[in-house]
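Shown next: start-v8.tsv, given as TSV, C-alpha atoms.
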chain	number	residue	atom	x	y	z
A	19	MET	CA	21.51	2.34	-5.53
A	20	PRO	CA	21.90	-0.92	-7.45
A	21	CYS	CA	23.08	0.08	-10.91
A	22	TRP	CA	24.28	-3.12	-12.62
A	23	ILE	CA	24.33	-6.91	-12.32
A	24	GLU	CA	26.85	-9.29	-13.78
A	25	LEU	CA	26.79	-13.05	-14.23
A	26	ILE	CA	30.19	-14.67	-13.79
A	27	THR	CA	29.67	-18.06	-15.38
A	28	THR	CA	31.58	-21.23	-16.20
A	29	ASP	CA	29.65	-21.66	-19.47
A	30	ALA	CA	28.60	-18.39	-21.09
A	31	GLU	CA	27.01	-20.01	-24.13
A	32	ARG	CA	24.78	-22.26	-22.03
A	33	ALA	CA	23.90	-19.42	-19.67
A	34	CYS	CA	22.94	-17.16	-22.58
A	35	GLU	CA	20.64	-19.80	-24.01
A	36	PHE	CA	18.96	-20.26	-20.64
A	37	TYR	CA	18.25	-16.59	-19.92
A	38	ALA	CA	17.22	-15.93	-23.53
A	39	GLY	CA	14.69	-18.72	-23.25
A	40	LEU	CA	13.46	-17.64	-19.82
A	41	PHE	CA	13.36	-13.83	-20.22
A	42	GLY	CA	13.81	-13.17	-23.94
A	43	TRP	CA	17.23	-11.59	-23.45
A	44	GLU	CA	19.30	-10.74	-26.51
A	45	TYR	CA	23.04	-10.16	-26.43
A	46	ARG	CA	25.62	-7.76	-27.75
A	47	LEU	CA	29.31	-8.66	-27.72
A	48	HIS	CA	31.46	-6.03	-26.03
A	49	ARG	CA	35.23	-6.03	-26.46
A	50	ASP	CA	37.32	-3.81	-24.23
A	51	PRO	CA	41.15	-3.64	-24.20
A	52	GLU	CA	41.21	-3.27	-20.41
A	53	ALA	CA	38.20	-5.24	-19.18
A	54	GLY	CA	38.29	-7.97	-21.82
A	55	GLU	CA	35.41	-9.54	-23.71
A	56	HIS	CA	31.93	-9.93	-22.28
A	57	LEU	CA	28.29	-9.89	-23.36
A	58	ILE	CA	25.71	-7.21	-22.64
A	59	ALA	CA	22.24	-8.69	-22.10
A	60	LEU	CA	19.38	-6.60	-23.49
A	61	HIS	CA	15.68	-6.76	-22.70
A	62	ASP	CA	13.46	-4.91	-25.18
A	63	GLY	CA	16.62	-3.17	-26.38
A	64	PHE	CA	17.73	-1.87	-22.95
A	65	PRO	CA	20.78	-3.16	-21.01
A	66	VAL	CA	19.90	-5.36	-18.04
A	67	ALA	CA	23.07	-7.35	-17.22
A	68	SER	CA	26.46	-8.47	-18.42
A	69	ILE	CA	27.71	-12.04	-18.78
A	70	ARG	CA	31.37	-12.82	-18.32
A	71	ALA	CA	33.42	-16.03	-18.28
A	72	ALA	CA	34.45	-17.20	-14.81
A	73	SER	CA	38.10	-17.73	-13.97
A	74	GLY	CA	37.19	-20.29	-11.29
A	75	GLU	CA	34.88	-23.28	-11.00
A	76	HIS	CA	31.72	-21.54	-9.76
A	77	SER	CA	29.03	-19.42	-11.39
A	78	VAL	CA	27.61	-16.48	-9.45
A	79	TRP	CA	25.56	-13.33	-9.89
A	80	ARG	CA	27.31	-10.12	-8.79
A	81	LEU	CA	25.60	-6.89	-7.72
A	82	TYR	CA	27.04	-3.41	-8.39
A	83	LEU	CA	26.14	-0.29	-6.42
A	84	ALA	CA	26.45	3.18	-7.90
A	85	THR	CA	29.04	5.71	-6.77
A	86	GLY	CA	30.07	9.12	-8.04
A	87	ASP	CA	33.73	8.41	-7.23
A	88	SER	CA	34.75	4.75	-7.40
A	89	ALA	CA	38.29	5.39	-6.13
A	90	ALA	CA	37.18	7.31	-3.04
A	91	THR	CA	34.35	4.91	-2.23
A	92	ALA	CA	36.62	1.88	-2.62
A	93	GLU	CA	39.19	3.51	-0.34
A	94	GLU	CA	36.52	4.18	2.27
A	95	ALA	CA	35.23	0.60	1.95
A	96	THR	CA	38.69	-0.81	2.63
A	97	ARG	CA	39.03	1.47	5.66
A	98	LEU	CA	35.78	-0.02	6.94
A	99	GLY	CA	37.04	-3.58	6.53
A	100	ALA	CA	36.48	-4.56	2.88
A	101	ALA	CA	39.20	-5.92	0.59
A	102	ILE	CA	39.52	-5.28	-3.16
A	103	THR	CA	39.25	-8.52	-5.17
A	104	VAL	CA	39.09	-7.04	-8.70
A	105	PRO	CA	41.02	-3.75	-9.12
A	106	ARG	CA	39.42	-0.66	-10.62
A	107	ASN	CA	39.12	-0.76	-14.39
A	108	HIS	CA	37.24	1.25	-16.96
A	109	VAL	CA	34.76	-0.47	-19.27
A	110	SER	CA	33.91	1.67	-22.26
A	111	GLY	CA	30.19	2.32	-22.53
A	112	LEU	CA	29.64	1.24	-18.92
A	113	GLY	CA	31.93	3.10	-16.53
A	114	THR	CA	34.65	2.47	-13.96
A	115	LYS	CA	34.12	-0.49	-11.68
A	116	VAL	CA	35.82	-2.26	-8.80
A	117	VAL	CA	34.89	-5.43	-6.89
A	118	LEU	CA	35.35	-5.87	-3.15
A	119	MET	CA	34.85	-8.54	-0.51
A	120	GLY	CA	32.84	-6.96	2.28
A	121	PRO	CA	33.49	-7.65	5.98
A	122	SER	CA	30.34	-9.81	5.99
A	123	ASP	CA	32.17	-12.17	3.57
A	124	ALA	CA	30.18	-11.46	0.39
A	125	GLU	CA	31.51	-9.81	-2.77
A	126	PHE	CA	29.92	-6.70	-4.22
A	127	GLY	CA	30.85	-4.25	-6.93
A	128	LEU	CA	31.05	-0.48	-7.15
A	129	LEU	CA	30.29	1.21	-10.46
A	130	GLU	CA	30.93	4.81	-11.42
A	131	PRO	CA	28.65	4.87	-14.49
A	132	GLU	CA	29.45	6.77	-17.63
A	133	GLU	CA	27.18	9.72	-18.33
A	134	GLY	CA	24.04	8.57	-20.08
A	135	TRP	CA	24.41	4.94	-18.99
A	136	GLN	CA	21.05	3.14	-18.95
A	137	PHE	CA	20.11	0.18	-16.74
A	138	ASP	CA	16.57	-1.16	-16.90
A	139	VAL	CA	15.11	-2.30	-13.56
A	140	GLY	CA	11.71	-3.01	-12.01
A	141	LEU	CA	10.24	-4.77	-15.04
A	142	PRO	CA	9.79	-8.42	-16.10
A	143	GLY	CA	13.16	-9.87	-17.04
A	144	THR	CA	15.10	-7.22	-15.10
A	145	LEU	CA	16.40	-6.72	-11.56
A	146	MET	CA	13.60	-6.20	-9.04
A	147	TRP	CA	15.25	-6.62	-5.64
A	148	ALA	CA	18.42	-7.91	-3.94
A	149	GLU	CA	19.19	-9.39	-0.53
A	150	LEU	CA	22.50	-9.98	1.19
A	151	VAL	CA	22.30	-13.35	2.98
A	152	THR	CA	24.99	-13.56	5.67
A	153	ILE	CA	25.79	-14.87	9.14
A	154	LYS	CA	27.47	-11.54	9.95
A	155	ALA	CA	24.23	-9.58	10.00
A	156	GLN	CA	25.18	-6.72	12.30
A	157	THR	CA	28.56	-6.35	10.56
A	158	ALA	CA	26.77	-5.96	7.22
A	159	ASP	CA	24.31	-3.40	8.59
A	160	VAL	CA	27.05	-1.26	10.09
A	161	PHE	CA	29.37	-1.49	7.08
A	162	PHE	CA	26.83	-0.45	4.47
A	163	GLN	CA	25.30	2.17	6.75
A	164	GLU	CA	28.70	3.82	7.19
A	165	LEU	CA	29.67	3.43	3.52
A	166	PHE	CA	26.45	4.72	1.92
A	167	GLY	CA	24.51	6.34	4.76
A	168	TYR	CA	21.72	3.77	4.69
A	169	ASP	CA	19.07	3.80	7.36
A	170	HIS	CA	17.72	0.38	8.24
A	171	GLU	CA	14.60	-1.18	9.70
A	172	GLN	CA	14.77	-4.66	11.15
A	173	PHE	CA	12.00	-7.26	11.08
A	174	GLY	CA	11.58	-10.72	12.56
A	175	THR	CA	10.48	-13.39	10.09
A	176	GLU	CA	8.54	-16.39	11.40
A	177	GLY	CA	10.80	-16.50	14.44
A	178	ARG	CA	13.60	-18.00	12.36
A	179	SER	CA	15.56	-15.20	10.75
A	180	ASP	CA	15.85	-11.46	11.09
A	181	TYR	CA	15.48	-9.28	8.06
A	182	SER	CA	16.81	-5.74	7.70
A	183	VAL	CA	15.67	-3.37	4.93
A	184	TRP	CA	18.14	-0.63	3.98
A	185	TYR	CA	16.82	2.78	2.94
A	186	LEU	CA	18.04	5.99	1.34
A	187	GLY	CA	15.56	8.54	2.60
A	188	GLU	CA	12.12	7.02	2.11
A	189	GLU	CA	13.21	4.63	-0.65
A	190	SER	CA	14.07	1.01	0.11
A	191	VAL	CA	17.33	0.02	-1.60
A	192	LEU	CA	18.36	-3.49	-0.50
A	193	ALA	CA	17.81	-6.00	2.28
A	194	ARG	CA	20.01	-8.08	4.54
A	195	VAL	CA	18.97	-11.51	5.76
A	196	SER	CA	20.59	-13.25	8.73
A	197	MET	CA	21.34	-16.89	7.98
A	198	ILE	CA	19.57	-19.54	10.02
A	199	ARG	CA	22.28	-21.08	12.18
A	200	GLU	CA	21.07	-24.68	12.05
A	201	PHE	CA	21.34	-24.61	8.25
A	202	ILE	CA	24.97	-23.44	8.23
A	203	SER	CA	27.67	-25.97	7.34
A	204	ALA	CA	31.32	-25.94	6.29
A	205	HIS	CA	30.12	-25.38	2.69
A	206	THR	CA	27.92	-22.39	3.47
A	207	ARG	CA	28.94	-19.09	1.95
A	208	PRO	CA	27.34	-15.65	2.36
A	209	HIS	CA	25.86	-14.48	-0.92
A	210	TRP	CA	23.69	-11.94	-2.68
A	211	LEU	CA	20.33	-13.19	-3.90
A	212	LEU	CA	19.18	-11.20	-6.94
A	213	TYR	CA	15.48	-11.19	-7.83
A	214	LEU	CA	14.50	-10.96	-11.51
A	215	GLY	CA	10.98	-9.92	-12.42
A	216	VAL	CA	8.24	-12.16	-13.80
A	217	ASP	CA	5.37	-10.99	-15.97
A	218	ARG	CA	2.10	-11.46	-14.11
A	219	ALA	CA	0.56	-13.01	-17.24
A	220	ARG	CA	3.06	-15.91	-16.97
A	221	GLY	CA	3.41	-16.04	-13.20
A	222	THR	CA	6.20	-17.45	-11.07
A	223	ASP	CA	5.00	-21.07	-11.21
A	224	GLU	CA	5.00	-21.13	-15.01
A	225	VAL	CA	8.46	-19.51	-15.15
A	226	VAL	CA	9.76	-22.23	-12.81
A	227	ARG	CA	8.38	-24.92	-15.13
A	228	GLU	CA	10.02	-23.21	-18.10
A	229	ALA	CA	13.33	-22.91	-16.23
A	230	ILE	CA	13.35	-26.65	-15.56
A	231	GLY	CA	12.71	-27.31	-19.24
A	232	LEU	CA	15.67	-25.09	-20.11
A	233	GLY	CA	18.02	-27.02	-17.82
A	234	GLY	CA	17.67	-25.00	-14.62
A	235	ARG	CA	17.13	-26.42	-11.12
A	236	VAL	CA	14.69	-25.42	-8.42
A	237	ARG	CA	16.41	-24.33	-5.22
A	238	VAL	CA	13.25	-23.16	-3.40
A	239	ASP	CA	9.75	-24.01	-4.65
A	240	PRO	CA	7.38	-21.09	-5.35
A	241	TYR	CA	6.04	-19.40	-2.21
A	242	ASP	CA	4.29	-16.15	-1.31
A	243	SER	CA	6.33	-13.31	0.19
A	244	SER	CA	6.04	-9.64	1.07
A	245	ILE	CA	7.51	-8.68	-2.34
A	246	GLY	CA	5.53	-11.16	-4.45
A	247	ARG	CA	5.40	-14.82	-5.40
A	248	VAL	CA	9.01	-15.99	-5.35
A	249	ALA	CA	11.02	-19.04	-6.34
A	250	VAL	CA	14.79	-19.56	-6.08
A	251	LEU	CA	16.53	-21.26	-8.99
A	252	ARG	CA	19.94	-22.24	-10.25
A	253	ASP	CA	20.73	-21.76	-13.90
A	254	PRO	CA	22.35	-24.67	-15.82
A	255	THR	CA	25.82	-23.45	-14.82
A	256	GLY	CA	24.95	-23.31	-11.10
A	257	ALA	CA	24.36	-19.59	-10.51
A	258	ARG	CA	21.67	-18.96	-7.88
A	259	PHE	CA	18.97	-16.31	-8.45
A	260	ALA	CA	15.33	-15.69	-7.61
A	261	VAL	CA	12.30	-14.88	-9.75
A	262	VAL	CA	9.42	-12.79	-8.41
A	263	ASP	CA	5.95	-11.80	-9.56
A	264	PRO	CA	5.39	-8.54	-7.61
A	265	SER	CA	1.68	-8.50	-8.42
A	266	GLN	CA	1.27	-11.30	-5.83
A	267	ALA	CA	2.84	-9.42	-2.89
A	268	GLY	CA	1.54	-10.19	0.61
A	269	ASN	CA	2.57	-10.37	4.26
A	270	PHE	CA	4.82	-13.40	4.13
A	271	GLY	CA	8.47	-14.41	4.58
A	272	THR	CA	11.76	-14.37	2.69
A	273	ALA	CA	13.79	-16.97	0.81
A	274	ALA	CA	16.20	-17.23	3.73
A	275	ASN	CA	13.55	-19.17	5.64
A	276	PHE	CA	13.47	-21.89	3.00
A	277	ASP	CA	16.98	-22.11	1.52
A	278	PRO	CA	19.29	-24.54	3.39
A	279	TYR	CA	22.32	-22.78	1.84
A	280	ASP	CA	24.95	-25.50	1.81
A	281	ASP	CA	25.07	-26.69	-1.81

Output the structure of this file as structure tokens.
Amino acid sequence: MPCWIELITTDAERACEFYAGLFGWEYRLHRDPEAGEHLIALHDGFPVASIRAASGEHSVWRLYLATGDSAATAEEATRLGAAITVPRNHVSGLGTKVVLMGPSDAEFGLLEPEEGWQFDVGLPGTLMWAELVTIKAQTADVFFQELFGYDHEQFGTEGRSDYSVWYLGEESVLARVSMIREFISAHTRPHWLLYLGVDRARGTDEVVREAIGLGGRVRVDPYDSSIGRVAVLRDPTGARFAVVDPSQAGNFGTAANFDPYDD
């Protein structure tokens, strides 16, 4: 299951101001001799994300999936075609984590959480949903099915893109979206799209207006989807994410039908 999200950003101070203004996040500095310095974002006192300085020129949100044995799961992932990009390291208060590039060309993390670790999800200002957007759709389905035992159900979306929901038992865990070929360019990169919750009293459209005022950019204008009213944004440092008001869920499409990918 998703168990942590991490913003790798080129400007941590600016990113913190943006998400504090948009979601009311507060921050706690965390220093670790092995993992270095980063910030823990808190919503109503509960951990929701970490923010870490990027070593490169791009800002990106990273998704972590839970495992009971990070070493064994990472070894199995590499056998299935993944490559380790950030070696295993222990973060006190969080757990042992490792980052890999999957065979569908998108990074993801594994986290072996410490006992008692808390991660708030499913509420306004926290992670609600995540989708892997990739051209290598079947590769992604097979890889994660073999790694975690996911079942999947595939859907067609407006005749443009296929959408696969991954399940553990009866519970939906994640989704995979196949990129629309005519939108793919030399700059296109597979990516995870993380959805953060919006309070129904504010609504997605108001959050988008607030995001613009805080220096964010609109990637996809608000639209209705099967998980709620969604918009895709970039924060002031360029990291892409979605916001969703789940109270407005209906029988509609996914962000992959609207996002031309190549920026």

Practice prompt. Point out the residue among A:Thr157, A:Met19, A:Gly86, A:Gly111 with the least atom-to-atom distance to A:Asp50, counting all atoms listed in the file.
Written response: A:Gly111

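Using all atoms listed in the file, the shortest contact distance between A:Glu133 and any of A:Ala155, A:Leu211, A:Leu112, A:Val195 is found at A:Leu112.
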
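If you look at atom CA of A:Glu31 and atom CA of A:Gly54, they are 16.7 Å away from each other.
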
Discussion item. Quick one: residues within 6 Å of stretch 214-224 of chain A, all atoms listed in the file, excluding same-chain residues fewer than 5 positions away - as JSON, numbers by chain?
Written reply: {"A": [141, 142, 143, 144, 145, 146, 261, 262, 263]}

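If you look at atom CA of A:Arg106 and atom CA of A:His170, they are 28.8 Å away from each other.
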
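Atom pair atom CA of A:Leu40 / atom CA of A:Leu232 has a distance of 7.8 Å (rounded to one decimal).
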
Item to complete: Tell me, as a list in words, which residues lie within 8 Å of A:Ala33, counting only C-alpha atoms; anything in the same chain fewer than 6 positions away does not count.
Response: Thr27, Asp253, Pro254 and Thr255 of chain A

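For the residues A:Glu171, A:Asp123, A:Glu130, A:Pro105, ranking by smallest atom-to-atom distance to A:Thr91 using all atoms listed in the file places A:Glu130 first.
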
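Closest to A:Arg97 among A:Ala71, A:Cys34, A:Ile230, A:Leu165 is A:Leu165, based on all atoms listed in the file.
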
Practice prompt. Could you give me, as a PyMOL selection string, the residues that have an atom at most 6 Å away from the point (26.9, 2.1, -4.3) in the coordinates of the file, using only C-alpha atoms?
Written response: chain A and resi 19+83-85+128

Practice prompt. Find the spatial neighbours of A:Leu118, counting all atoms listed in the file, within a cut-off of 10 Å - ignore same-chain residues fewer than 5 positions away - and output them as a count of residues only.
Written response: 16

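Of the residues under consideration (A:Glu93, A:Asp87, A:Glu188, A:Glu24), A:Glu24 shows the shortest atom-to-atom contact distance to A:Ala67 when counting all atoms listed in the file.
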
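Taking all atoms listed in the file into account, A:Val248 lies nearest to A:Tyr213 out of the set A:Val116, A:Ile198, A:Gly233, A:Tyr213.
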